[in-house]
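Q: I'm passing along query.txt; it holds compact mmCIF, C-alpha atoms and all ligand atoms.
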# COMPACT_ATOMS: atom_id res chain seq x y z
CA MET T 168 0.00 0.00 0.00
CA ALA T 169 3.02 2.30 0.41
CA ARG T 170 3.08 2.50 -3.38
CA LEU T 171 -0.02 4.71 -3.41
CA ILE T 172 -0.76 8.38 -2.67
CA VAL T 173 -2.95 8.21 0.43
CA HIS T 174 -5.97 10.52 0.80
CA GLY T 175 -7.22 8.93 4.02
CA ARG T 176 -6.25 6.10 6.36
CA ALA T 177 -9.65 5.32 7.94
CA PRO T 178 -11.43 4.71 5.68
CA TYR T 179 -8.46 3.89 3.46
CA ASN T 180 -8.47 5.84 0.19
CA ALA T 181 -5.48 5.97 -2.11
CA GLU T 182 -4.47 6.26 -5.76
CA PRO T 183 -1.31 5.50 -7.76
CA PRO T 184 1.00 8.13 -9.25
CA LEU T 185 -0.07 8.63 -12.86
CA ALA T 186 3.18 7.50 -14.50
CA ARG T 187 2.88 4.17 -12.67
CA LEU T 188 -0.79 3.92 -13.65
CA ARG T 189 0.14 4.33 -17.33
CA ALA T 190 2.93 1.74 -17.11
CA ALA T 191 0.66 -1.24 -17.81
CA PHE T 192 -2.68 -1.73 -19.55
CA ARG T 193 -3.68 -4.08 -16.72
CA THR T 194 -3.08 -2.30 -13.44
CA ALA T 195 -1.11 -4.29 -10.86
CA ALA T 196 -3.35 -4.96 -7.86
CA GLU T 197 -0.90 -3.12 -5.59
CA ASP T 198 -1.13 -0.06 -7.87
CA PHE T 199 -4.92 -0.14 -8.16
CA TYR T 200 -6.69 2.77 -6.42
CA VAL T 201 -8.60 1.91 -3.27
CA ARG T 202 -11.90 3.58 -2.43
CA SER T 203 -13.51 2.50 0.81
CA HIS T 204 -16.27 3.94 2.99
CA GLY T 205 -15.53 1.93 6.13
CA ASP T 206 -13.01 -0.39 7.72
CA LEU T 207 -11.72 -3.47 5.95
CA PRO T 208 -13.93 -6.42 6.97
CA ALA T 209 -12.07 -9.63 7.84
CA ILE T 210 -13.75 -12.51 6.01
CA ASP T 211 -12.94 -16.21 6.37
CA ALA T 212 -13.03 -17.50 2.79
CA ALA T 213 -13.68 -21.11 3.88
CA ALA T 214 -16.78 -20.15 5.86
CA TYR T 215 -17.92 -17.56 3.33
CA ARG T 216 -21.39 -17.85 1.81
CA LEU T 217 -22.97 -15.49 -0.72
CA ARG T 218 -26.68 -15.14 -0.08
CA VAL T 219 -28.82 -14.78 -3.20
CA ALA T 220 -32.55 -14.04 -3.29
CA GLY T 221 -33.75 -14.06 -6.86
CA GLY T 222 -37.40 -14.99 -6.49
CA GLY T 223 -36.94 -18.77 -6.28
CA ALA T 224 -35.53 -20.67 -3.31
CA PRO T 225 -32.83 -18.54 -1.63
CA LEU T 226 -29.26 -19.68 -2.22
CA ALA T 227 -26.21 -19.63 0.05
CA LEU T 228 -23.18 -20.22 -2.16
CA SER T 229 -19.61 -20.91 -1.09
CA LEU T 230 -16.72 -19.95 -3.36
CA ASP T 231 -16.42 -23.61 -4.35
CA ASP T 232 -20.15 -23.70 -5.18
CA LEU T 233 -19.72 -20.72 -7.48
CA ARG T 234 -16.76 -22.35 -9.23
CA ALA T 235 -18.52 -25.70 -9.58
CA ARG T 236 -22.01 -24.60 -10.56
CA PHE T 237 -21.35 -21.86 -13.11
CA PRO T 238 -19.02 -21.28 -16.07
CA VAL T 239 -15.89 -19.43 -14.97
CA VAL T 240 -15.27 -16.30 -17.04
CA THR T 241 -12.66 -13.54 -17.19
CA VAL T 242 -13.63 -9.99 -18.15
CA THR T 243 -11.05 -7.28 -18.78
CA ALA T 244 -12.66 -4.14 -17.40
CA THR T 245 -11.83 -0.66 -16.19
CA LEU T 246 -13.16 0.48 -12.84
CA GLN T 247 -13.35 4.20 -12.22
CA CYS T 248 -14.52 6.17 -9.22
CA ALA T 249 -17.19 8.82 -9.87
CA GLY T 250 -14.87 11.16 -7.97
CA ASN T 251 -11.90 10.59 -10.27
CA ARG T 252 -10.27 13.99 -11.08
CA ARG T 253 -12.31 15.75 -8.37
CA GLY T 254 -9.19 17.62 -7.25
CA ASP T 255 -9.37 19.92 -10.27
CA LEU T 256 -12.90 21.05 -9.41
CA ARG T 257 -11.63 22.76 -6.24
CA ALA T 258 -10.20 25.56 -8.40
CA VAL T 259 -13.80 26.55 -9.18
CA ALA T 260 -15.41 26.33 -5.73
CA PRO T 261 -15.24 24.03 -2.70
CA VAL T 262 -16.28 20.42 -3.12
CA THR T 263 -16.86 17.65 -0.60
CA GLY T 264 -14.92 14.39 -0.73
CA ASP T 265 -11.31 13.42 -1.29
CA PRO T 266 -9.38 15.45 -3.90
CA TRP T 267 -8.61 12.59 -6.27
CA GLU T 268 -6.21 13.26 -9.08
CA ALA T 269 -6.65 11.24 -12.29
CA GLY T 270 -5.61 7.97 -10.62
CA ALA T 271 -8.97 6.81 -9.21
CA ILE T 272 -9.19 4.39 -12.12
CA GLY T 273 -7.65 1.08 -13.06
CA THR T 274 -8.05 -1.91 -15.35
CA ALA T 275 -7.84 -5.58 -14.50
CA ASP T 276 -8.76 -9.07 -15.63
CA TRP T 277 -11.62 -10.03 -13.32
CA THR T 278 -12.25 -13.75 -12.98
CA GLY T 279 -15.41 -15.21 -11.52
CA VAL T 280 -18.90 -16.09 -12.71
CA ARG T 281 -21.53 -14.13 -14.57
CA LEU T 282 -24.02 -12.51 -12.23
CA ALA T 283 -26.69 -13.47 -14.80
CA ASP T 284 -25.97 -17.19 -14.30
CA VAL T 285 -26.25 -16.88 -10.52
CA LEU T 286 -29.45 -14.84 -10.75
CA ARG T 287 -31.06 -17.36 -13.10
CA ALA T 288 -30.15 -20.19 -10.72
CA ALA T 289 -31.87 -18.17 -8.01
CA GLY T 290 -35.03 -17.90 -10.09
CA ALA T 291 -34.70 -14.32 -11.27
CA GLY T 292 -35.60 -15.19 -14.83
CA GLU T 293 -39.11 -16.26 -13.82
CA GLY T 294 -40.73 -12.95 -12.96
CA GLY T 295 -40.00 -10.82 -9.95
CA VAL T 296 -41.03 -11.45 -6.41
CA ASN T 297 -41.12 -8.35 -4.28
CA ARG T 298 -39.91 -8.16 -0.70
CA ASP T 299 -43.49 -8.54 0.53
CA GLY T 300 -43.84 -11.73 -1.49
CA SER T 301 -46.07 -10.25 -4.17
CA ARG T 302 -45.33 -10.87 -7.82
CA ASP T 303 -43.89 -8.05 -9.85
CA GLY T 304 -45.53 -7.61 -13.23
CA SER T 305 -42.72 -5.82 -15.03
CA PRO T 306 -39.47 -7.79 -14.95
CA ASP T 307 -37.56 -5.18 -16.91
CA ASP T 308 -38.03 -2.61 -14.16
CA ARG T 309 -36.48 -4.77 -11.48
CA HIS T 310 -33.22 -4.01 -9.71
CA VAL T 311 -30.49 -6.10 -8.19
CA ALA T 312 -29.53 -4.89 -4.74
CA PHE T 313 -26.18 -5.75 -3.16
CA GLU T 314 -25.25 -5.70 0.48
CA SER T 315 -21.67 -5.86 1.68
CA ARG T 316 -19.89 -6.84 4.88
CA ASP T 317 -18.31 -3.44 5.59
CA THR T 318 -19.95 -0.69 7.63
CA VAL T 319 -20.04 2.81 6.15
CA HIS T 320 -18.48 5.19 8.66
CA GLU T 321 -20.82 8.08 7.92
CA THR T 322 -24.05 6.16 8.45
CA GLY T 323 -23.18 3.12 10.55
CA ARG T 324 -25.01 0.98 8.00
CA PRO T 325 -23.64 -1.79 5.77
CA TYR T 326 -22.50 -0.67 2.33
CA GLY T 327 -25.29 -1.23 -0.17
CA VAL T 328 -26.07 -0.30 -3.76
CA SER T 329 -28.13 -1.59 -6.67
CA ILE T 330 -28.07 -1.80 -10.46
CA PRO T 331 -30.90 -2.26 -12.96
CA LEU T 332 -31.67 -5.94 -13.62
CA ALA T 333 -30.85 -5.47 -17.29
CA LYS T 334 -27.26 -4.48 -16.44
CA ALA T 335 -27.05 -7.31 -13.90
CA LEU T 336 -27.98 -9.77 -16.66
CA ALA T 337 -25.48 -8.31 -19.15
CA PRO T 338 -22.67 -10.77 -19.95
CA GLU T 339 -19.92 -8.41 -18.77
CA THR T 340 -21.28 -8.11 -15.23
CA VAL T 341 -19.50 -10.61 -12.99
CA LEU T 342 -19.00 -11.74 -9.43
CA ALA T 343 -15.21 -11.93 -9.23
CA TRP T 344 -12.86 -13.66 -6.81
CA ALA T 345 -9.67 -12.94 -8.76
CA MET T 346 -7.96 -9.88 -10.14
CA ASN T 347 -5.24 -10.37 -12.77
CA GLY T 348 -5.17 -14.08 -12.00
CA ALA T 349 -4.64 -13.82 -8.24
CA PRO T 350 -7.20 -13.83 -5.40
CA LEU T 351 -8.59 -10.37 -4.66
CA LEU T 352 -6.46 -8.38 -2.23
CA PRO T 353 -8.31 -7.60 1.01
CA GLU T 354 -8.71 -3.92 0.07
CA HIS T 355 -10.21 -4.82 -3.31
CA GLY T 356 -12.99 -6.97 -1.91
CA PHE T 357 -11.68 -10.39 -0.84
CA PRO T 358 -13.15 -12.95 -1.14
CA LEU T 359 -15.82 -11.82 -3.64
CA ARG T 360 -16.95 -8.60 -5.28
CA ALA T 361 -19.20 -7.55 -8.11
CA VAL T 362 -17.65 -5.92 -11.18
CA VAL T 363 -20.09 -3.87 -13.24
CA PRO T 364 -18.08 -2.67 -16.26
CA GLY T 365 -18.88 0.78 -17.62
CA TYR T 366 -20.65 1.86 -14.46
CA ALA T 367 -19.16 4.06 -11.75
CA GLY T 368 -17.01 2.09 -9.32
CA VAL T 369 -19.56 2.62 -6.55
CA ARG T 370 -21.85 0.06 -8.26
CA SER T 371 -19.18 -2.67 -7.99
CA PRO T 372 -19.55 -3.69 -4.34
CA LYS T 373 -16.62 -5.33 -2.58
CA TRP T 374 -16.86 -7.90 0.27
CA LEU T 375 -20.20 -9.00 -1.12
CA ASP T 376 -22.66 -10.46 1.37
CA ALA T 377 -26.09 -10.63 -0.27
CA VAL T 378 -27.70 -10.17 -3.67
CA THR T 379 -31.45 -9.50 -3.88
CA VAL T 380 -33.68 -9.07 -6.92
CA GLN T 381 -36.35 -6.50 -6.09
CA ASP T 382 -38.78 -4.12 -7.71
CA ARG T 383 -37.01 -0.92 -6.69
CA PRO T 384 -33.48 0.39 -6.22
CA SER T 385 -31.67 -0.20 -2.94
CA ASP T 386 -32.81 2.13 -0.17
CA ASN T 387 -29.29 2.18 1.27
CA PRO T 388 -28.08 5.80 1.56
CA ILE T 389 -25.12 5.09 -0.75
CA GLN T 390 -27.63 4.29 -3.50
CA ALA T 391 -30.51 6.56 -2.52
CA ALA T 392 -28.74 9.84 -1.77
CA ASP T 393 -24.97 9.65 -2.38
CA TYR T 394 -23.39 9.23 -5.79
CA ARG T 395 -25.82 11.51 -7.53
CA LEU T 396 -24.93 14.33 -9.85
CA TYR T 397 -26.70 17.33 -8.33
CA PRO T 398 -27.13 20.52 -10.37
CA ALA T 399 -24.57 23.24 -9.68
CA ASP T 400 -27.20 25.47 -8.04
CA VAL T 401 -28.39 22.78 -5.62
CA ASP T 402 -26.65 22.14 -2.30
CA PRO T 403 -26.91 18.35 -1.92
CA GLU T 404 -26.94 18.77 1.86
CA GLY T 405 -30.61 18.26 2.71
CA ALA T 406 -31.72 18.41 -0.94
CA ALA T 407 -34.28 15.97 -2.35
CA PRO T 408 -32.22 13.08 -3.79
CA ALA T 409 -34.41 13.09 -6.89
CA LEU T 410 -32.78 16.40 -7.86
CA GLY T 411 -29.57 14.51 -8.52
CA LEU T 412 -29.02 12.20 -11.47
CA ILE T 413 -28.09 8.65 -10.48
CA ILE T 414 -24.50 8.01 -11.53
CA ASP T 415 -24.43 4.66 -13.33
CA GLY T 416 -22.79 4.68 -16.78
CA MET T 417 -19.61 6.73 -16.87
CA PRO T 418 -19.04 9.60 -19.32
CA LEU T 419 -16.24 10.23 -21.79
CA ASN T 420 -13.03 11.26 -20.04
CA SER T 421 -9.28 11.33 -20.54
CA ALA T 422 -6.08 12.22 -18.70
CA ILE T 423 -2.43 12.96 -19.31
CA CYS T 424 -0.35 10.60 -17.18
CA GLU T 425 3.07 11.69 -18.47
CA PRO T 426 4.62 14.17 -18.14
CA ALA T 427 3.53 15.00 -14.61
CA ARG T 428 2.28 18.39 -13.48
CA GLY T 429 5.19 20.70 -12.75
CA ALA T 430 7.68 18.68 -14.78
CA VAL T 431 10.61 20.55 -16.32
CA LEU T 432 11.17 19.51 -19.94
CA ARG T 433 13.80 20.31 -22.57
CA PRO T 434 12.66 22.29 -25.65
CA GLY T 435 11.90 20.09 -28.66
CA PRO T 436 10.06 16.80 -28.99
CA ALA T 437 8.09 15.64 -25.96
CA ARG T 438 6.17 12.40 -25.59
CA LEU T 439 2.79 12.55 -23.86
CA ARG T 440 1.06 9.41 -22.61
CA GLY T 441 -2.30 8.86 -20.98
CA TYR T 442 -5.64 7.13 -20.99
CA ALA T 443 -9.11 7.81 -22.34
CA VAL T 444 -12.30 6.06 -21.27
CA CYS T 445 -15.98 6.14 -22.18
CA GLY T 446 -18.03 3.85 -19.97
CA ASP T 447 -18.93 0.85 -22.11
CA ARG T 448 -18.57 2.69 -25.41
CA PRO T 449 -15.44 2.98 -27.52
CA VAL T 450 -13.22 6.04 -27.54
CA ALA T 451 -13.08 7.26 -31.14
CA ARG T 452 -10.29 9.84 -31.03
CA VAL T 453 -7.96 11.63 -28.63
CA ASP T 454 -6.42 15.08 -29.21
CA VAL T 455 -3.60 16.71 -27.29
CA SER T 456 -2.56 20.33 -27.13
CA GLY T 457 0.73 21.96 -26.16
CA ASP T 458 -0.76 25.46 -25.95
CA GLY T 459 -3.68 25.17 -23.56
CA GLY T 460 -6.14 24.11 -26.24
CA ARG T 461 -5.56 26.69 -28.99
CA SER T 462 -4.24 24.00 -31.33
CA TRP T 463 -4.51 20.22 -31.27
CA VAL T 464 -2.85 17.14 -32.73
CA GLN T 465 -4.20 13.62 -32.74
CA ALA T 466 -2.82 11.04 -30.38
CA ARG T 467 -2.07 7.44 -31.37
CA LEU T 468 -4.53 4.98 -29.80
CA GLU T 469 -3.42 1.56 -28.62
CA ALA T 470 -5.59 -1.50 -29.14
CA GLY T 471 -7.73 -2.10 -26.07
CA ALA T 472 -10.62 -4.25 -24.91
CA PRO T 473 -14.39 -3.59 -25.08
CA HIS T 474 -14.89 -2.68 -21.41
CA ALA T 475 -11.48 -1.18 -20.80
CA TRP T 476 -9.78 2.17 -21.13
CA THR T 477 -7.84 3.21 -24.25
CA PHE T 478 -4.16 4.02 -23.85
CA TRP T 479 -2.84 6.82 -26.07
CA SER T 480 0.46 8.53 -26.77
CA ALA T 481 1.40 11.64 -28.72
CA ASP T 482 4.48 13.66 -29.64
CA LEU T 483 4.57 17.44 -29.41
CA ASP T 484 7.30 19.90 -30.28
CA LEU T 485 7.48 22.26 -27.31
CA PRO T 486 9.14 25.70 -27.39
CA ALA T 487 10.88 27.07 -24.29
CA GLY T 488 8.68 28.78 -21.73
CA ALA T 489 5.63 28.07 -19.62
CA CYS T 490 3.40 25.49 -21.25
CA GLU T 491 -0.03 24.06 -20.63
CA LEU T 492 -0.64 20.58 -22.01
CA ALA T 493 -4.25 19.48 -22.48
CA VAL T 494 -6.11 16.38 -23.63
CA ARG T 495 -9.65 15.77 -24.85
CA ALA T 496 -11.25 12.56 -26.14
CA TRP T 497 -14.07 12.07 -28.64
CA ASP T 498 -16.70 9.35 -28.86
CA ALA T 499 -18.23 7.81 -31.99
CA ALA T 500 -21.10 10.35 -31.94
CA GLY T 501 -18.64 13.24 -32.19
CA GLN T 502 -19.12 14.30 -28.59
CA THR T 503 -16.12 15.61 -26.74
CA GLN T 504 -15.19 16.89 -23.29
CA PRO T 505 -15.89 20.41 -21.97
CA ALA T 506 -12.94 22.78 -21.85
CA SER T 507 -13.20 24.00 -18.30
CA PRO T 508 -14.04 22.66 -14.85
CA GLU T 509 -16.56 25.51 -14.48
CA ALA T 510 -18.68 23.68 -17.06
CA VAL T 511 -19.07 20.60 -14.87
CA TRP T 512 -18.55 21.77 -11.27
CA ASN T 513 -20.91 20.25 -8.74
CA ARG T 514 -20.70 20.39 -4.96
CA LYS T 515 -19.99 16.67 -4.52
CA GLY T 516 -17.27 16.82 -7.14
CA TYR T 517 -18.40 13.95 -9.36
CA LEU T 518 -17.71 13.28 -13.02
CA ASN T 519 -15.08 15.88 -13.74
CA THR T 520 -14.79 15.45 -17.49
CA ALA T 521 -13.15 18.81 -18.25
CA TRP T 522 -10.02 18.75 -20.41
CA HIS T 523 -7.19 17.45 -18.28
CA ARG T 524 -4.66 20.28 -18.22
CA VAL T 525 -1.07 19.76 -17.12
CA ALA T 526 1.20 22.77 -16.61
CA VAL T 527 4.90 22.12 -17.28
CA ARG T 528 7.97 24.31 -17.82
CA VAL T 529 10.15 23.99 -20.88
CA GLU T 530 13.72 25.14 -20.19
CA ALA T 531 16.84 25.04 -22.32
N1 LIG Q 1 -18.40 -2.88 0.07
C1 LIG Q 1 -17.90 -1.81 -0.56
N2 LIG Q 1 -17.84 -1.82 -1.89
C2 LIG Q 1 -17.34 -0.76 -2.55
C3 LIG Q 1 -16.93 0.40 -1.86
C4 LIG Q 1 -16.99 0.37 -0.45
O1 LIG Q 1 -16.60 1.32 0.25
N3 LIG Q 1 -17.49 -0.76 0.16
N4 LIG Q 1 -16.50 1.49 -2.58
C5 LIG Q 1 -17.00 1.59 -3.95
C6 LIG Q 1 -16.39 2.65 -4.74
S1 LIG Q 1 -17.01 4.22 -4.51
C7 LIG Q 1 -15.48 2.39 -5.72
S2 LIG Q 1 -14.92 3.62 -6.73
C8 LIG Q 1 -14.94 1.03 -5.91
C9 LIG Q 1 -13.44 1.00 -5.76
O2 LIG Q 1 -12.92 -0.29 -5.89
P1 LIG Q 1 -11.41 -0.55 -5.51
O3 LIG Q 1 -11.17 -0.03 -4.14
O4 LIG Q 1 -11.18 -2.01 -5.63
O5 LIG Q 1 -10.60 0.23 -6.52
O6 LIG Q 1 -15.47 0.10 -4.98
C10 LIG Q 1 -16.83 0.28 -4.69
N5 LIG Q 1 -17.30 -0.82 -3.90
MO MO Q 2 -16.08 5.61 -6.07
Please express the file's structure as structure tokens.
Ligand SMILES: Nc1nc2c(c(=O)[nH]1)N[C@H]1C(S)=C(S)[C@@H](COP(=O)(O)O)O[C@H]1N2
Ligand SMILES: [Mo]
A:
Amino acid sequence: MARLIVHGRAPYNAEPPLARLRAAFRTAAEDFYVRSHGDLPAIDAAAYRLRVAGGGAPLALSLDDLRARFPVVTVTATLQCAGNRRGDLRAVAPVTGDPWEAGAIGTADWTGVRLADVLRAAGAGEGGVNRDGSRDGSPDDRHVAFESRDTVHETGRPYGVSIPLAKALAPETVLAWAMNGAPLLPEHGFPLRAVVPGYAGVRSPKWLDAVTVQDRPSDNPIQAADYRLYPADVDPEGAAPALGLIIDGMPLNSAICEPARGAVLRPGPARLRGYAVCGDRPVARVDVSGDGGRSWVQARLEAGAPHAWTFWSADLDLPAGACELAVRAWDAAGQTQPASPEAVWNRKGYLNTAWHRVAVRVEA
């Protein structure tokens, strides 16, 4: 854990330096950011049971049961915190939450079983049963609620979130016990977590305890009130949660990982490297600027994977003097990122998609 930049010890929140993040397409588990809302729960893997209520007979599945009963799959997916890049929003106005740089993101091979297979075994395919036992007439409107073993410091309640049933049944959504071929590290959810590719990291619960198919989203405060994108003119403190958009699918974003902010470079050719990401959708193009966004050149994109970030690199010829590097990505619909953090500021500091700007000095 000493490899990471620590924002908080209890709960433990930390991110890797950006050059290390960009070093490998699959992020080493020790370099993978950690976002936690409570203390690390100690879980005995041998005694562990995942409880699943899908409408049929409830299941209690050990790790061996999961391995034996369902096809084992590996999904390469990027996980990103909704607060990634929050630090840059503080230049506009105060925000709540840790000031993440661009490192609250990482990519791994997640090995486990499809959530869809587990839900079908639990009877979820056969029409919903509500908590009160009544039948739910509209299966497509159902939700899958997760409860975890950790206790959220701010509320004293277990961590809990939910996702729409349709996303839970999507083939990329998995219950994973391994990350890059090794058992999950304790801080990343040992022994079992959900991985919901394309969605904000908050919807990928670690230390999973129970999965419930129900007719409404989780009423846990993490789902009901937190992790919403409130309008800039609304103070989320005491506001009606419905005023905030639920943060599920992640927007188009990009970052410069090298050079670092404040670096001193020689005049002449400079190599920039970074990542771009667009939820579940492909990144179509990445531009970089050496003059704060007045002019742009296209970056080279590296081959990626459907649910993973896109690595890019670009070469700029930099004259001596103060210099502001910038990056912006484009999606297949021709949408790009806003130029300034003012355009996206919100009090809780979520989804900062403004151009990532990196000030460097170029000195002979
Ligand atoms: N049980 C539990 N799951 C959790 C969290 C948590 O605090 N408790 N944090 C969530 C958030 S906000 C994010 S961004 C991701 C981070 O996963 P990581 O720490 O493995 O990078 O886990 C999510 N799952
Ligand atoms: Mo997060």
Q: Distance limit 8 Å, reference ligand MO 2 (chain Q), atoms considered: all atoms listed in the file. Which residues make the cut? Give them as a PDB file with C-alpha atoms, keeping the file's coordinate frame.
A:
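The resulting result-v2.pdb:
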ATOM      1  CA  ARG T 202     -11.900   3.580  -2.430  1.00  0.00           C
ATOM      2  CA  SER T 203     -13.510   2.500   0.810  1.00  0.00           C
ATOM      3  CA  GLN T 247     -13.350   4.200 -12.220  1.00  0.00           C
ATOM      4  CA  CYS T 248     -14.520   6.170  -9.220  1.00  0.00           C
ATOM      5  CA  ALA T 249     -17.190   8.820  -9.870  1.00  0.00           C
ATOM      6  CA  GLY T 250     -14.870  11.160  -7.970  1.00  0.00           C
ATOM      7  CA  ASN T 251     -11.900  10.590 -10.270  1.00  0.00           C
ATOM      8  CA  ALA T 271      -8.970   6.810  -9.210  1.00  0.00           C
ATOM      9  CA  ALA T 367     -19.160   4.060 -11.750  1.00  0.00           C
ATOM     10  CA  GLY T 368     -17.010   2.090  -9.320  1.00  0.00           C
ATOM     11  CA  VAL T 369     -19.560   2.620  -6.550  1.00  0.00           C
TER      12      VAL T 369
END
Q: Which centre and which edge lengths, in Å to one decimal, describe the axis-aligned box that holds all listed atoms of ligand LIG 1 (chain Q) after 4 Å is added on each side, as lines of an AutoDock Vina configuration file?
A:
center_x = -14.5
center_y = 0.7
center_z = -3.2
size_x = 15.8
size_y = 15.1
size_z = 15.0
Q: Could I get the residues of segment 202-287 of chain T with an atom no further than 6 Å from an atom of segment 320-344 of chain T, each paired with its nearest atom pair and that distance in Å to one decimal, using only C-alpha atoms, sorted by chain and residue number, as a Markdown table?
A:
| residue | atom | partner | partner_atom | distance |
| --- | --- | --- | --- | --- |
| T:Gly205 | CA | T:His320 | CA | 5.1 |
| T:Trp277 | CA | T:Ala343 | CA | 5.8 |
| T:Thr278 | CA | T:Ala343 | CA | 5.1 |
| T:Gly279 | CA | T:Ala343 | CA | 4.0 |
| T:Val280 | CA | T:Leu342 | CA | 5.4 |
| T:Arg281 | CA | T:Val341 | CA | 4.4 |
| T:Leu282 | CA | T:Val341 | CA | 5.0 |
| T:Ala283 | CA | T:Leu336 | CA | 4.3 |
Q: Which residue gives the smallest distance to ligand LIG 1 (chain Q) among T:Gln502, T:Ser421, T:Asn519, T:Thr245, with all atoms listed in the file counted?
A: T:Thr245
Q: Measuring between only C-alpha atoms and all ligand atoms, which one of T:Arg360, T:Arg253, T:Arg287, T:Arg309 shows the shortest distance to ligand LIG 1 (chain Q)?
A: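 Distance minimum relative to ligand LIG 1 (chain Q) lands on T:Arg360.
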Q: Env of Ala499 of chain T: 12 Å cut, atoms = all atoms listed in the file, seq-sep filter 5 positions within chain, self excluded. Answer as a list of chain:residue names.
A: T:Leu419, T:Cys445, T:Arg448, T:Pro449, T:Val450, T:Ala451, T:Arg452, T:Val453
Q: Looking at all atoms listed in the file, which of T:Leu483, T:Ala181, T:Pro350, T:Val285 is the one that sits closest to Pro225 of chain T?
A: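 Nearest to Pro225 of chain T: T:Val285.
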Q: Nearest to ligand LIG 1 (chain Q) among T:Val362, T:Ala291, T:Ala235, T:Ala521, with distances taken over all atoms listed in the file: which residue is it?
A: T:Val362
Q: Counting only C-alpha atoms, what is within 8 Å of Ala212 of chain T, bar same-chain residues fewer than 2 positions away, as a tab-separated table (two decimals) with C-alpha atoms, keeping the file's coordinate frame?
A:
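Contents of out07.tsv, freshly written:
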chain	number	residue	atom	x	y	z
T	210	ILE	CA	-13.75	-12.51	6.01
T	214	ALA	CA	-16.78	-20.15	5.86
T	215	TYR	CA	-17.92	-17.56	3.33
T	230	LEU	CA	-16.72	-19.95	-3.36
T	358	PRO	CA	-13.15	-12.95	-1.14
Q: Rounded to one decimal, what separation in Å do you get between atom CA of Ala220 of chain T and atom CA of Ala289 of chain T?
A: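 Result for atom CA of Ala220 of chain T versus atom CA of Ala289 of chain T: 6.3 Å, one decimal.
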Q: In Å, with one decimal, what is the gap from atom S1 of ligand LIG 1 (chain Q) to atom CA of His204 of chain T?
A: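 According to the coordinates, atom S1 of ligand LIG 1 (chain Q) and atom CA of His204 of chain T are separated by 7.5 Å.
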Q: Could you list, with a cut-off of 7 Å and counting all atoms listed in the file, the residues of segment 176-290 of chain T near segment 463-481 of chain T, each shown with its nearest atom pair and the distance in Å rounded to one decimal, rows sorted by chain and ascending number, as a tab-separated table?
A:
residue	atom	partner	partner_atom	distance
T:Thr243	CA	T:Ala475	CA	6.4
T:Ala244	CA	T:Ala475	CA	4.7
T:Thr245	CA	T:Ala475	CA	4.7
T:Thr274	CA	T:Ala475	CA	6.5
Q: Keeping only C-alpha atoms, write those residues as a JSON list (two decimals), in the coordinates of the input.
A:
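Dumped everything to part05.json:
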[["chain", "number", "residue", "atom", "x", "y", "z"],
["T", 243, "THR", "CA", -11.05, -7.28, -18.78],
["T", 244, "ALA", "CA", -12.66, -4.14, -17.40],
["T", 245, "THR", "CA", -11.83, -0.66, -16.19],
["T", 274, "THR", "CA", -8.05, -1.91, -15.35]]
Q: Find, counting only C-alpha atoms and all ligand atoms, the residue in T:Leu233, T:Ala443, T:Leu246, T:Ala191 that gets nearest to ligand LIG 1 (chain Q).
A: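 Among the listed residues, the smallest separation from ligand LIG 1 (chain Q) belongs to T:Leu246.
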Q: Between atom CA of Val242 of chain T and atom CA of Pro208 of chain T, what is the spacing in Å?
A: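 We find that atom CA of Pro208 of chain T and atom CA of Val242 of chain T lie 25.4 Å from each other.
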Q: Measuring between only C-alpha atoms, which one of T:Arg218, T:Glu425, T:Asp498, T:Thr520 shows the shortest distance to Ala190 of chain T?
A: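 Looking at the shortest contact to Ala190 of chain T, the residue is T:Glu425.
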Q: Give me the residues near Pro508 of chain T as a list in words, where near means some atom within 12 Å (using all atoms listed in the file) and where sequence neighbours in that chain fewer than 5 positions away do not count.
A: Arg252, Arg253, Gly254, Asp255, Leu256, Arg257, Ala258, Val259, Ala260, Ala399, Asn513, Gly516, Tyr517, Leu518, Asn519, Thr520, Ala521, Trp522, His523 and Arg524 of chain T
Q: Do you know which residues lie at most 10 Å from (-13.0, -1.6, 7.3), with coordinates as in the file and only C-alpha atoms counted, and could you write them as a ChimeraX atom specification?
A: /T:177-179,203-209,316-320,353-354
Q: Since the input is missing atoms for segment 188-194 of chain T, could you rebuild it with N, CA and C atoms and give the result as an mmCIF file, in the coordinates of the input?
A:
data_model
loop_
_atom_site.group_PDB
_atom_site.id
_atom_site.type_symbol
_atom_site.label_atom_id
_atom_site.label_comp_id
_atom_site.auth_asym_id
_atom_site.auth_seq_id
_atom_site.Cartn_x
_atom_site.Cartn_y
_atom_site.Cartn_z
ATOM 1 N N LEU T 188 0.491 4.381 -13.127
ATOM 2 C CA LEU T 188 -0.790 3.920 -13.650
ATOM 3 C C LEU T 188 -0.694 3.620 -15.145
ATOM 4 N N ARG T 189 0.037 4.462 -15.866
ATOM 5 C CA ARG T 189 0.140 4.330 -17.330
ATOM 6 C C ARG T 189 1.135 3.261 -17.753
ATOM 7 N N ALA T 190 1.868 2.681 -16.785
ATOM 8 C CA ALA T 190 2.930 1.740 -17.110
ATOM 9 C C ALA T 190 2.400 0.426 -17.680
ATOM 10 N N ALA T 191 1.185 0.040 -17.338
ATOM 11 C CA ALA T 191 0.660 -1.240 -17.810
ATOM 12 C C ALA T 191 -0.832 -1.135 -18.069
ATOM 13 N N PHE T 192 -1.257 -1.763 -19.180
ATOM 14 C CA PHE T 192 -2.680 -1.730 -19.550
ATOM 15 C C PHE T 192 -3.526 -2.354 -18.438
ATOM 16 N N ARG T 193 -3.040 -3.480 -17.894
ATOM 17 C CA ARG T 193 -3.680 -4.080 -16.720
ATOM 18 C C ARG T 193 -2.954 -3.568 -15.482
ATOM 19 N N THR T 194 -3.678 -2.937 -14.597
ATOM 20 C CA THR T 194 -3.080 -2.300 -13.440
ATOM 21 C C THR T 194 -2.727 -3.357 -12.395
#
